[in-house]
$ cat data-v4.cif   # mmCIF, C-alpha atoms
data_target
#
loop_
_atom_site.label_atom_id
_atom_site.label_comp_id
_atom_site.auth_asym_id
_atom_site.auth_seq_id
_atom_site.Cartn_x
_atom_site.Cartn_y
_atom_site.Cartn_z
CA ASN A 30 0.00 0.00 0.00
CA GLU A 31 1.51 3.29 -1.23
CA TRP A 32 4.95 1.72 -1.03
CA ASN A 33 6.50 4.77 -2.68
CA TYR A 34 5.80 6.60 0.60
CA ASN A 35 6.64 3.88 3.12
CA GLY A 36 9.58 2.04 1.53
CA LEU A 37 7.63 -1.19 2.13
CA TYR A 38 7.64 -0.23 5.84
CA VAL A 39 11.37 -0.78 6.31
CA GLY A 40 12.79 2.39 4.73
CA MET A 41 13.87 1.01 1.36
CA GLY A 42 14.53 3.50 -1.40
CA PHE A 43 12.33 3.83 -4.48
CA TRP A 44 14.29 1.54 -6.80
CA GLU A 45 15.01 -1.00 -4.06
CA SER A 46 11.25 -1.14 -3.42
CA VAL A 47 10.59 -1.53 -7.15
CA ALA A 48 13.05 -4.45 -7.30
CA ARG A 49 11.35 -6.15 -4.33
CA LEU A 50 7.91 -5.72 -5.90
CA GLU A 51 9.20 -6.92 -9.27
CA GLU A 52 10.42 -10.11 -7.59
CA ALA A 53 7.13 -10.61 -5.71
CA ALA A 54 5.01 -9.95 -8.81
CA SER A 55 7.04 -12.46 -10.83
CA LEU A 56 6.55 -15.13 -8.13
CA ILE A 57 2.82 -14.47 -8.01
CA LYS A 58 2.46 -14.68 -11.80
CA ARG A 59 4.46 -17.93 -11.94
CA ASN A 60 2.04 -19.48 -9.44
CA ASP A 61 -1.20 -17.82 -10.56
CA ALA A 62 -1.39 -16.41 -14.06
CA ALA A 63 -5.21 -16.56 -14.08
CA HIS A 64 -5.90 -13.58 -11.80
CA PRO A 65 -4.99 -9.93 -12.29
CA LEU A 66 -2.25 -8.49 -10.12
CA GLY A 67 -2.74 -5.05 -8.60
CA CYS A 68 -0.34 -2.63 -6.97
CA ILE A 69 -1.29 0.46 -4.94
CA TYR A 70 0.74 3.63 -5.37
CA GLY A 71 0.56 6.98 -3.58
CA GLU A 72 -0.49 9.69 -6.06
CA LEU A 73 1.11 9.83 -9.54
CA ALA A 74 4.66 11.23 -9.22
CA GLY A 75 7.10 8.54 -10.36
CA LEU A 76 4.39 6.07 -11.37
CA GLN A 77 5.48 5.96 -15.00
CA ASP A 78 9.01 4.93 -13.96
CA ALA A 79 7.72 2.25 -11.59
CA ALA A 80 5.21 0.92 -14.13
CA ALA A 81 7.93 0.56 -16.77
CA ARG A 82 9.71 -1.93 -14.50
CA LEU A 83 6.68 -3.61 -12.93
CA THR A 84 5.34 -5.16 -16.12
CA ASP A 85 3.60 -8.00 -14.26
CA VAL A 86 1.24 -5.50 -12.60
CA ASP A 87 -2.10 -5.66 -14.43
CA VAL A 88 -3.96 -2.86 -12.64
CA TRP A 89 -2.82 0.17 -10.67
CA GLY A 90 -4.47 1.47 -7.53
CA ILE A 91 -3.86 5.10 -6.64
CA ASN A 92 -4.29 6.60 -3.16
CA ALA A 93 -5.21 10.25 -3.62
CA TYR A 94 -6.25 12.99 -1.22
CA ARG A 95 -6.61 16.25 -3.14
CA GLY A 96 -9.44 17.95 -1.32
CA ILE A 97 -12.92 17.94 -2.85
CA SER A 98 -11.81 17.06 -6.40
CA PHE A 99 -9.31 14.76 -8.07
CA GLY A 100 -8.52 17.58 -10.49
CA ASP A 101 -6.73 16.33 -13.61
CA MET A 102 -5.71 12.99 -12.07
CA PHE A 103 -7.70 10.77 -14.44
CA ASP A 104 -6.41 12.55 -17.54
CA VAL A 105 -2.82 12.52 -16.28
CA TYR A 106 -3.07 8.82 -15.43
CA ALA A 107 -4.37 8.06 -18.94
CA GLY A 108 -1.20 9.68 -20.29
CA LEU A 109 1.02 7.57 -18.01
CA SER A 110 -0.44 4.09 -18.38
CA ALA A 111 -2.81 2.11 -20.57
CA LYS A 112 -3.52 -0.28 -17.69
CA PRO A 113 -6.75 -0.10 -15.66
CA LEU A 114 -6.94 2.21 -12.65
CA PHE A 115 -8.82 2.10 -9.36
CA LEU A 116 -8.71 4.38 -6.34
CA GLY A 117 -7.14 2.37 -3.52
CA GLU A 118 -8.00 5.12 -1.04
CA TYR A 119 -9.93 8.37 -1.26
CA GLY A 120 -12.26 10.39 0.91
CA ALA A 121 -12.35 12.86 3.78
CA ASP A 122 -12.32 12.58 7.54
CA ALA A 123 -15.10 13.86 9.80
CA TRP A 124 -13.02 16.17 12.02
CA ASN A 125 -12.62 19.74 10.81
CA ALA A 126 -9.43 21.26 12.24
CA LYS A 127 -10.50 24.70 11.01
CA VAL A 128 -13.37 24.81 13.51
CA SER A 129 -12.17 22.12 15.98
CA ARG A 130 -15.28 19.97 15.83
CA GLU A 131 -16.85 17.02 14.06
CA ASP A 132 -18.08 18.11 10.63
CA GLN A 133 -20.21 15.39 9.08
CA GLU A 134 -21.60 17.77 6.47
CA SER A 135 -18.16 18.45 4.95
CA GLN A 136 -17.20 14.76 5.04
CA ALA A 137 -20.45 13.87 3.26
CA LYS A 138 -19.99 16.64 0.70
CA ALA A 139 -16.47 15.45 -0.18
CA THR A 140 -17.43 11.77 -0.22
CA LYS A 141 -20.27 12.47 -2.65
CA ALA A 142 -18.26 14.81 -4.90
CA LEU A 143 -15.25 12.49 -5.14
CA THR A 144 -17.36 9.38 -5.75
CA GLU A 145 -19.32 11.20 -8.47
CA GLU A 146 -16.00 12.04 -10.19
CA ILE A 147 -15.05 8.35 -10.10
CA VAL A 148 -18.42 7.51 -11.67
CA GLN A 149 -17.88 10.19 -14.34
CA HIS A 150 -14.53 8.61 -15.26
CA SER A 151 -15.76 5.01 -15.07
CA SER A 152 -14.36 2.46 -17.48
CA ILE A 153 -17.97 1.30 -17.97
CA THR A 154 -18.69 4.55 -19.79
CA GLY A 155 -15.32 4.92 -21.56
CA GLY A 156 -13.19 6.40 -18.76
CA VAL A 157 -10.04 5.03 -17.16
CA CYS A 158 -11.29 4.20 -13.65
CA MET A 159 -12.70 0.85 -12.52
CA GLY A 160 -13.93 2.22 -9.18
CA GLY A 161 -12.58 3.06 -5.77
CA PHE A 162 -12.48 2.34 -2.06
CA VAL A 163 -13.55 5.08 0.34
CA PHE A 164 -11.19 5.37 3.26
CA GLU A 165 -12.62 4.07 5.53
CA LEU A 166 -15.55 2.10 6.92
CA ALA A 167 -15.05 2.71 10.66
CA ASP A 168 -13.07 5.06 12.89
CA GLU A 169 -9.79 3.73 14.31
CA TRP A 170 -9.10 5.19 17.74
CA TRP A 171 -5.57 3.80 17.91
CA LYS A 172 -4.15 5.83 15.03
CA ASP A 173 -3.06 9.02 16.82
CA GLY A 174 0.34 7.97 18.11
CA ASP A 175 0.30 10.71 20.74
CA GLY A 176 -3.24 9.92 21.90
CA ASP A 177 -5.10 7.41 24.03
CA VAL A 178 -6.39 4.25 22.35
CA PHE A 179 -9.54 4.46 24.49
CA LYS A 180 -10.36 8.04 23.45
CA HIS A 181 -11.35 9.65 20.18
CA ASP A 182 -8.33 11.90 19.68
CA THR A 183 -8.21 14.83 17.28
CA GLY A 184 -4.54 14.95 16.32
CA GLY A 185 -3.74 15.13 12.65
CA ASP A 186 -1.04 15.93 10.13
CA ALA A 187 -1.17 18.66 7.50
CA PRO A 188 1.62 17.72 5.07
CA GLY A 189 0.21 19.77 2.18
CA GLY A 190 -2.72 18.91 0.00
CA GLY A 191 -4.98 16.55 1.83
CA PRO A 192 -8.65 16.01 2.56
CA TYR A 193 -11.47 18.53 2.40
CA PRO A 194 -12.14 20.93 4.11
CA ASP A 195 -9.03 21.45 6.27
CA ALA A 196 -6.24 19.65 4.35
CA THR A 197 -5.47 17.82 7.62
CA PHE A 198 -5.31 14.05 8.02
CA ASN A 199 -7.27 13.57 11.26
CA GLU A 200 -6.39 9.90 11.53
CA GLU A 201 -9.03 8.74 14.01
CA TRP A 202 -12.01 10.31 12.20
CA TRP A 203 -12.14 8.70 8.73
CA GLY A 204 -15.02 6.30 9.28
CA LEU A 205 -18.22 6.30 7.28
CA VAL A 206 -19.46 4.92 10.59
CA ASP A 207 -18.22 5.86 14.05
CA ILE A 208 -16.59 3.51 16.56
CA ASP A 209 -20.03 2.26 17.64
CA ARG A 210 -20.98 1.64 13.97
CA ASN A 211 -23.46 4.51 13.81
CA PRO A 212 -23.61 5.73 10.21
CA ARG A 213 -22.38 9.24 9.53
CA ALA A 214 -23.88 11.49 6.87
CA ALA A 215 -21.08 10.40 4.51
CA PHE A 216 -22.36 6.80 4.65
CA ARG A 217 -25.70 7.95 3.26
CA ALA A 218 -24.06 10.31 0.76
CA LEU A 219 -22.01 7.43 -0.65
CA ALA A 220 -25.10 5.21 -0.90
CA ASP A 221 -26.90 7.93 -2.88
CA VAL A 222 -24.33 8.09 -5.69
CA GLY A 223 -25.52 6.33 -8.83
CA ILE A 224 -23.87 3.26 -10.31
CA PRO A 225 -21.94 3.90 -13.56
CA GLY A 226 -23.89 3.09 -16.69
CA ILE A 227 -27.24 2.67 -14.90
CA ALA A 228 -29.86 5.34 -15.40
CA THR A 229 -31.38 6.75 -12.21
CA ALA A 230 -35.03 7.61 -11.81
#
$ encode --input "data-v4.cif" --output "structure tokens"
Amino acid sequence: NEWNYNGLYVGMGFWESVARLEEAASLIKRNDAAHPLGCIYGELAGLQDAAARLTDVDVWGINAYRGISFGDMFDVYAGLSAKPLFLGEYGADAWNAKVSREDQESQAKATKALTEEIVQHSSITGGVCMGGFVFELADEWWKDGDGDVFKHDTGGDAPGGGPYPDATFNEEWWGLVDIDRNPRAAFRALADVGIPGIATA
């Protein structure tokens, strides 16, 4: 998952990670040539270089957090690769650091807008995208390393770019449902987005 950011979780460099994935992909294909092989990458920078080496990868997943729109991502991807694309992660968290409170309305707005863009660029209707996975189903209270695993902490990182509306990754607030599995407004907003290629009433 977004190995270009994490160095496969052990700090490997880009090309060392590519070599490791190339080896793993080759082993998988030797043992199972019947199923497609996917690889999830963080954003698009450097993807063309990685894809040139990772020829056994059949489909690319992209994790992207660009606010309330993917911008030109689908067009840029189409210029980088002819292979299918899916969103491995996208969405918005429910804590708004700008106002220091839960903001279900903004999370729902972003979830709906981003999912509608995926539908607009669906491979079913001639686009490049096979679909996507909203991050994430349920809140994870353990994710703020400086917090308490038994409390819903509000710490987050703002590395530039990032989720709508505050560009801050509030790690414990991403769920479409809360820790008790109560649906947030974003859960309903996602359910309301039409399926690609199917007319809605």
$ residues_around --input "data-v4.cif" --residues "Phe164 (chain A)" --least-positions-apart "3" --cutoff "7 Å" --atoms "all atoms listed in the file" --output "JSON, numbers by chain"
{"A": [118, 119, 120, 203]}
$ write_last_selection --input "data-v4.cif" --atoms "C-alpha atoms" --output "JSON list (two decimals), in the coordinates of the input"
[["chain", "number", "residue", "atom", "x", "y", "z"],
["A", 118, "GLU", "CA", -8.00, 5.12, -1.04],
["A", 119, "TYR", "CA", -9.93, 8.37, -1.26],
["A", 120, "GLY", "CA", -12.26, 10.39, 0.91],
["A", 203, "TRP", "CA", -12.14, 8.70, 8.73]]
$ atom_distance --input "data-v4.cif" --atom1 "CA of Val47 (chain A)" --atom2 "CA of Leu83 (chain A)"
7.3 Å
$ closest_residue --input "data-v4.cif" --among "A:Asp122, A:Glu169, A:Asp104, A:Glu131" --to "Pro192 (chain A)" --atoms "all atoms listed in the file"
A:Asp122
$ residues_near_point --input "data-v4.cif" --point "(-0.9, 1.2, -9.6)" --cutoff "8 Å" --atoms "all atoms listed in the file" --output "ChimeraX atom specification"
/A:67-70,76,80,86,88-91,114-115
$ resolve_selection --input "data-v4.cif" --expression "the PyMOL selection byres ((chain A and resi 184) around 7)" --output "list in words"
Asp173, Asp182, Thr183, Gly185 and Asn199 of chain A
$ axis_aligned_box --input "data-v4.cif" --around "region 59-66 of chain A" --padding-each-side "5 Å" --output "JSON"
{"center_x": -0.7, "center_y": -14.0, "center_z": -11.8, "size_x": 20.4, "size_y": 21.0, "size_z": 14.6}
$ closest_residue --input "data-v4.cif" --among "A:Leu219, A:Ala121, A:Ile227, A:Val39" --to "Gly204 (chain A)" --atoms "all atoms listed in the file"
A:Ala121
$ atom_distance --input "data-v4.cif" --atom1 "CA of Ala139 (chain A)" --atom2 "CA of Tyr38 (chain A)"
29.4 Å
$ closest_residue --input "data-v4.cif" --among "A:Leu73, A:Leu56, A:Met159, A:Ala196" --to "Ala126 (chain A)" --atoms "all atoms listed in the file"
A:Ala196
$ resolve_selection --input "data-v4.cif" --expression "the PyMOL selection byres ((chain A and resi 144) around 12)" --output "PDB file with C-alpha atoms, in the coordinates of the input"
ATOM      1  CA  ILE A  97     -12.920  17.940  -2.850  1.00  0.00           C
ATOM      2  CA  SER A  98     -11.810  17.060  -6.400  1.00  0.00           C
ATOM      3  CA  PHE A  99      -9.310  14.760  -8.070  1.00  0.00           C
ATOM      4  CA  PHE A 115      -8.820   2.100  -9.360  1.00  0.00           C
ATOM      5  CA  LEU A 116      -8.710   4.380  -6.340  1.00  0.00           C
ATOM      6  CA  GLU A 118      -8.000   5.120  -1.040  1.00  0.00           C
ATOM      7  CA  TYR A 119      -9.930   8.370  -1.260  1.00  0.00           C
ATOM      8  CA  GLY A 120     -12.260  10.390   0.910  1.00  0.00           C
ATOM      9  CA  ALA A 121     -12.350  12.860   3.780  1.00  0.00           C
ATOM     10  CA  ALA A 137     -20.450  13.870   3.260  1.00  0.00           C
ATOM     11  CA  LYS A 138     -19.990  16.640   0.700  1.00  0.00           C
ATOM     12  CA  ALA A 139     -16.470  15.450  -0.180  1.00  0.00           C
ATOM     13  CA  THR A 140     -17.430  11.770  -0.220  1.00  0.00           C
ATOM     14  CA  LYS A 141     -20.270  12.470  -2.650  1.00  0.00           C
ATOM     15  CA  ALA A 142     -18.260  14.810  -4.900  1.00  0.00           C
ATOM     16  CA  LEU A 143     -15.250  12.490  -5.140  1.00  0.00           C
ATOM     17  CA  GLU A 145     -19.320  11.200  -8.470  1.00  0.00           C
ATOM     18  CA  GLU A 146     -16.000  12.040 -10.190  1.00  0.00           C
ATOM     19  CA  ILE A 147     -15.050   8.350 -10.100  1.00  0.00           C
ATOM     20  CA  VAL A 148     -18.420   7.510 -11.670  1.00  0.00           C
ATOM     21  CA  GLN A 149     -17.880  10.190 -14.340  1.00  0.00           C
ATOM     22  CA  HIS A 150     -14.530   8.610 -15.260  1.00  0.00           C
ATOM     23  CA  SER A 151     -15.760   5.010 -15.070  1.00  0.00           C
ATOM     24  CA  CYS A 158     -11.290   4.200 -13.650  1.00  0.00           C
ATOM     25  CA  MET A 159     -12.700   0.850 -12.520  1.00  0.00           C
ATOM     26  CA  GLY A 160     -13.930   2.220  -9.180  1.00  0.00           C
ATOM     27  CA  GLY A 161     -12.580   3.060  -5.770  1.00  0.00           C
ATOM     28  CA  PHE A 162     -12.480   2.340  -2.060  1.00  0.00           C
ATOM     29  CA  VAL A 163     -13.550   5.080   0.340  1.00  0.00           C
ATOM     30  CA  PHE A 164     -11.190   5.370   3.260  1.00  0.00           C
ATOM     31  CA  ALA A 215     -21.080  10.400   4.510  1.00  0.00           C
ATOM     32  CA  PHE A 216     -22.360   6.800   4.650  1.00  0.00           C
ATOM     33  CA  ALA A 218     -24.060  10.310   0.760  1.00  0.00           C
ATOM     34  CA  LEU A 219     -22.010   7.430  -0.650  1.00  0.00           C
ATOM     35  CA  ALA A 220     -25.100   5.210  -0.900  1.00  0.00           C
ATOM     36  CA  ASP A 221     -26.900   7.930  -2.880  1.00  0.00           C
ATOM     37  CA  VAL A 222     -24.330   8.090  -5.690  1.00  0.00           C
ATOM     38  CA  GLY A 223     -25.520   6.330  -8.830  1.00  0.00           C
ATOM     39  CA  ILE A 224     -23.870   3.260 -10.310  1.00  0.00           C
ATOM     40  CA  PRO A 225     -21.940   3.900 -13.560  1.00  0.00           C
TER      41      PRO A 225
END
$ residues_around --input "data-v4.cif" --residues "His181 (chain A)" --least-positions-apart "4" --cutoff "10 Å" --atoms "all atoms listed in the file" --output "list in words"
Asp168, Glu169, Trp170, Trp171, Lys172, Asp173, Gly176, Asp177, Glu200, Glu201, Trp202, Asp207 and Ile208 of chain A
$ residues_around --input "data-v4.cif" --residues "Trp44 (chain A)" --least-positions-apart "5" --cutoff "12 Å" --atoms "only C-alpha atoms" --output "VMD selection string"
chain A and resid 32 to 33 36 to 37 49 to 51 75 to 76 78 to 83
$ write_last_selection --input "data-v4.cif" --atoms "C-alpha atoms" --output "CSV table (one decimal), in the frame of the given file"
chain,number,residue,atom,x,y,z
A,32,TRP,CA,5.0,1.7,-1.0
A,33,ASN,CA,6.5,4.8,-2.7
A,36,GLY,CA,9.6,2.0,1.5
A,37,LEU,CA,7.6,-1.2,2.1
A,49,ARG,CA,11.4,-6.2,-4.3
A,50,LEU,CA,7.9,-5.7,-5.9
A,51,GLU,CA,9.2,-6.9,-9.3
A,75,GLY,CA,7.1,8.5,-10.4
A,76,LEU,CA,4.4,6.1,-11.4
A,78,ASP,CA,9.0,4.9,-14.0
A,79,ALA,CA,7.7,2.2,-11.6
A,80,ALA,CA,5.2,0.9,-14.1
A,81,ALA,CA,7.9,0.6,-16.8
A,82,ARG,CA,9.7,-1.9,-14.5
A,83,LEU,CA,6.7,-3.6,-12.9
$ atom_distance --input "data-v4.cif" --atom1 "CA of Ala167 (chain A)" --atom2 "CA of Asn125 (chain A)"
17.2 Å
$ closest_residue --input "data-v4.cif" --among "A:Lys112, A:Lys127, A:Lys180, A:Arg95" --to "Leu66 (chain A)" --atoms "only C-alpha atoms"
A:Lys112
$ closest_residue --input "data-v4.cif" --among "A:Ser129, A:Ser110, A:Asn30, A:Gln136" --to "Gly71 (chain A)" --atoms "all atoms listed in the file"
A:Asn30
$ residues_around --input "data-v4.cif" --residues "His64 (chain A)" --least-positions-apart "4" --cutoff "10 Å" --atoms "only C-alpha atoms" --output "list in words"
Ile57, Lys58 and Asp87 of chain A
$ write_last_selection --input "data-v4.cif" --atoms "C-alpha atoms" --output "mmCIF file, in the frame of the given file"
data_model
loop_
_atom_site.group_PDB
_atom_site.id
_atom_site.type_symbol
_atom_site.label_atom_id
_atom_site.label_comp_id
_atom_site.auth_asym_id
_atom_site.auth_seq_id
_atom_site.Cartn_x
_atom_site.Cartn_y
_atom_site.Cartn_z
ATOM 1 C CA ILE A 57 2.820 -14.470 -8.010
ATOM 2 C CA LYS A 58 2.460 -14.680 -11.800
ATOM 3 C CA ASP A 87 -2.100 -5.660 -14.430
#
$ closest_residue --input "data-v4.cif" --among "A:Trp124, A:Leu109, A:Gln77, A:Glu45" --to "Pro194 (chain A)" --atoms "all atoms listed in the file"
A:Trp124
$ build_atoms --input "data-v4.cif" --residues "region 43-66 of chain A" --atoms "N, CA and C atoms" --output "PDB file, in the coordinates of the input"
ATOM      1  N   PHE A  43      13.298   4.052  -3.397  1.00  0.00           N
ATOM      2  CA  PHE A  43      12.330   3.830  -4.480  1.00  0.00           C
ATOM      3  C   PHE A  43      12.705   2.625  -5.336  1.00  0.00           C
ATOM      4  N   TRP A  44      13.925   2.612  -5.871  1.00  0.00           N
ATOM      5  CA  TRP A  44      14.290   1.540  -6.800  1.00  0.00           C
ATOM      6  C   TRP A  44      14.500   0.201  -6.087  1.00  0.00           C
ATOM      7  N   GLU A  45      14.920   0.235  -4.854  1.00  0.00           N
ATOM      8  CA  GLU A  45      15.010  -1.000  -4.060  1.00  0.00           C
ATOM      9  C   GLU A  45      13.606  -1.576  -3.839  1.00  0.00           C
ATOM     10  N   SER A  46      12.642  -0.701  -3.569  1.00  0.00           N
ATOM     11  CA  SER A  46      11.250  -1.140  -3.420  1.00  0.00           C
ATOM     12  C   SER A  46      10.718  -1.704  -4.725  1.00  0.00           C
ATOM     13  N   VAL A  47      11.022  -1.041  -5.835  1.00  0.00           N
ATOM     14  CA  VAL A  47      10.590  -1.530  -7.150  1.00  0.00           C
ATOM     15  C   VAL A  47      11.149  -2.932  -7.390  1.00  0.00           C
ATOM     16  N   ALA A  48      12.428  -3.138  -7.089  1.00  0.00           N
ATOM     17  CA  ALA A  48      13.050  -4.450  -7.300  1.00  0.00           C
ATOM     18  C   ALA A  48      12.361  -5.525  -6.448  1.00  0.00           C
ATOM     19  N   ARG A  49      12.023  -5.192  -5.201  1.00  0.00           N
ATOM     20  CA  ARG A  49      11.350  -6.150  -4.330  1.00  0.00           C
ATOM     21  C   ARG A  49       9.968  -6.501  -4.881  1.00  0.00           C
ATOM     22  N   LEU A  50       9.244  -5.487  -5.336  1.00  0.00           N
ATOM     23  CA  LEU A  50       7.910  -5.720  -5.900  1.00  0.00           C
ATOM     24  C   LEU A  50       7.986  -6.482  -7.220  1.00  0.00           C
ATOM     25  N   GLU A  51       8.998  -6.202  -8.010  1.00  0.00           N
ATOM     26  CA  GLU A  51       9.200  -6.920  -9.270  1.00  0.00           C
ATOM     27  C   GLU A  51       9.397  -8.415  -9.001  1.00  0.00           C
ATOM     28  N   GLU A  52      10.185  -8.717  -7.985  1.00  0.00           N
ATOM     29  CA  GLU A  52      10.420 -10.110  -7.590  1.00  0.00           C
ATOM     30  C   GLU A  52       9.125 -10.758  -7.099  1.00  0.00           C
ATOM     31  N   ALA A  53       8.387 -10.062  -6.243  1.00  0.00           N
ATOM     32  CA  ALA A  53       7.130 -10.610  -5.710  1.00  0.00           C
ATOM     33  C   ALA A  53       6.103 -10.809  -6.812  1.00  0.00           C
ATOM     34  N   ALA A  54       5.984  -9.847  -7.715  1.00  0.00           N
ATOM     35  CA  ALA A  54       5.010  -9.950  -8.810  1.00  0.00           C
ATOM     36  C   ALA A  54       5.344 -11.129  -9.720  1.00  0.00           C
ATOM     37  N   SER A  55       6.622 -11.339  -9.983  1.00  0.00           N
ATOM     38  CA  SER A  55       7.040 -12.460 -10.830  1.00  0.00           C
ATOM     39  C   SER A  55       6.683 -13.796 -10.168  1.00  0.00           C
ATOM     40  N   LEU A  56       6.906 -13.907  -8.857  1.00  0.00           N
ATOM     41  CA  LEU A  56       6.550 -15.130  -8.130  1.00  0.00           C
ATOM     42  C   LEU A  56       5.042 -15.379  -8.164  1.00  0.00           C
ATOM     43  N   ILE A  57       4.277 -14.331  -7.984  1.00  0.00           N
ATOM     44  CA  ILE A  57       2.820 -14.470  -8.010  1.00  0.00           C
ATOM     45  C   ILE A  57       2.368 -14.941  -9.389  1.00  0.00           C
ATOM     46  N   LYS A  58       2.876 -14.316 -10.438  1.00  0.00           N
ATOM     47  CA  LYS A  58       2.460 -14.680 -11.800  1.00  0.00           C
ATOM     48  C   LYS A  58       2.867 -16.108 -12.163  1.00  0.00           C
ATOM     49  N   ARG A  59       4.027 -16.549 -11.670  1.00  0.00           N
ATOM     50  CA  ARG A  59       4.460 -17.930 -11.940  1.00  0.00           C
ATOM     51  C   ARG A  59       3.510 -18.935 -11.310  1.00  0.00           C
ATOM     52  N   ASN A  60       2.919 -18.568 -10.169  1.00  0.00           N
ATOM     53  CA  ASN A  60       2.040 -19.480  -9.440  1.00  0.00           C
ATOM     54  C   ASN A  60       0.558 -19.262  -9.711  1.00  0.00           C
ATOM     55  N   ASP A  61       0.207 -18.115 -10.282  1.00  0.00           N
ATOM     56  CA  ASP A  61      -1.200 -17.820 -10.560  1.00  0.00           C
ATOM     57  C   ASP A  61      -1.290 -16.796 -11.683  1.00  0.00           C
ATOM     58  N   ALA A  62      -1.298 -17.299 -12.900  1.00  0.00           N
ATOM     59  CA  ALA A  62      -1.390 -16.410 -14.060  1.00  0.00           C
ATOM     60  C   ALA A  62      -2.837 -16.096 -14.424  1.00  0.00           C
ATOM     61  N   ALA A  63      -3.793 -16.706 -13.723  1.00  0.00           N
ATOM     62  CA  ALA A  63      -5.210 -16.560 -14.080  1.00  0.00           C
ATOM     63  C   ALA A  63      -5.861 -15.312 -13.500  1.00  0.00           C
ATOM     64  N   HIS A  64      -5.277 -14.731 -12.461  1.00  0.00           N
ATOM     65  CA  HIS A  64      -5.900 -13.580 -11.800  1.00  0.00           C
ATOM     66  C   HIS A  64      -5.073 -12.323 -12.018  1.00  0.00           C
ATOM     67  N   PRO A  65      -5.735 -11.181 -12.125  1.00  0.00           N
ATOM     68  CA  PRO A  65      -4.990  -9.930 -12.290  1.00  0.00           C
ATOM     69  C   PRO A  65      -4.229  -9.554 -11.027  1.00  0.00           C
ATOM     70  N   LEU A  66      -3.116  -8.911 -11.220  1.00  0.00           N
ATOM     71  CA  LEU A  66      -2.250  -8.490 -10.120  1.00  0.00           C
ATOM     72  C   LEU A  66      -2.305  -6.972 -10.009  1.00  0.00           C
TER      73      LEU A  66
END
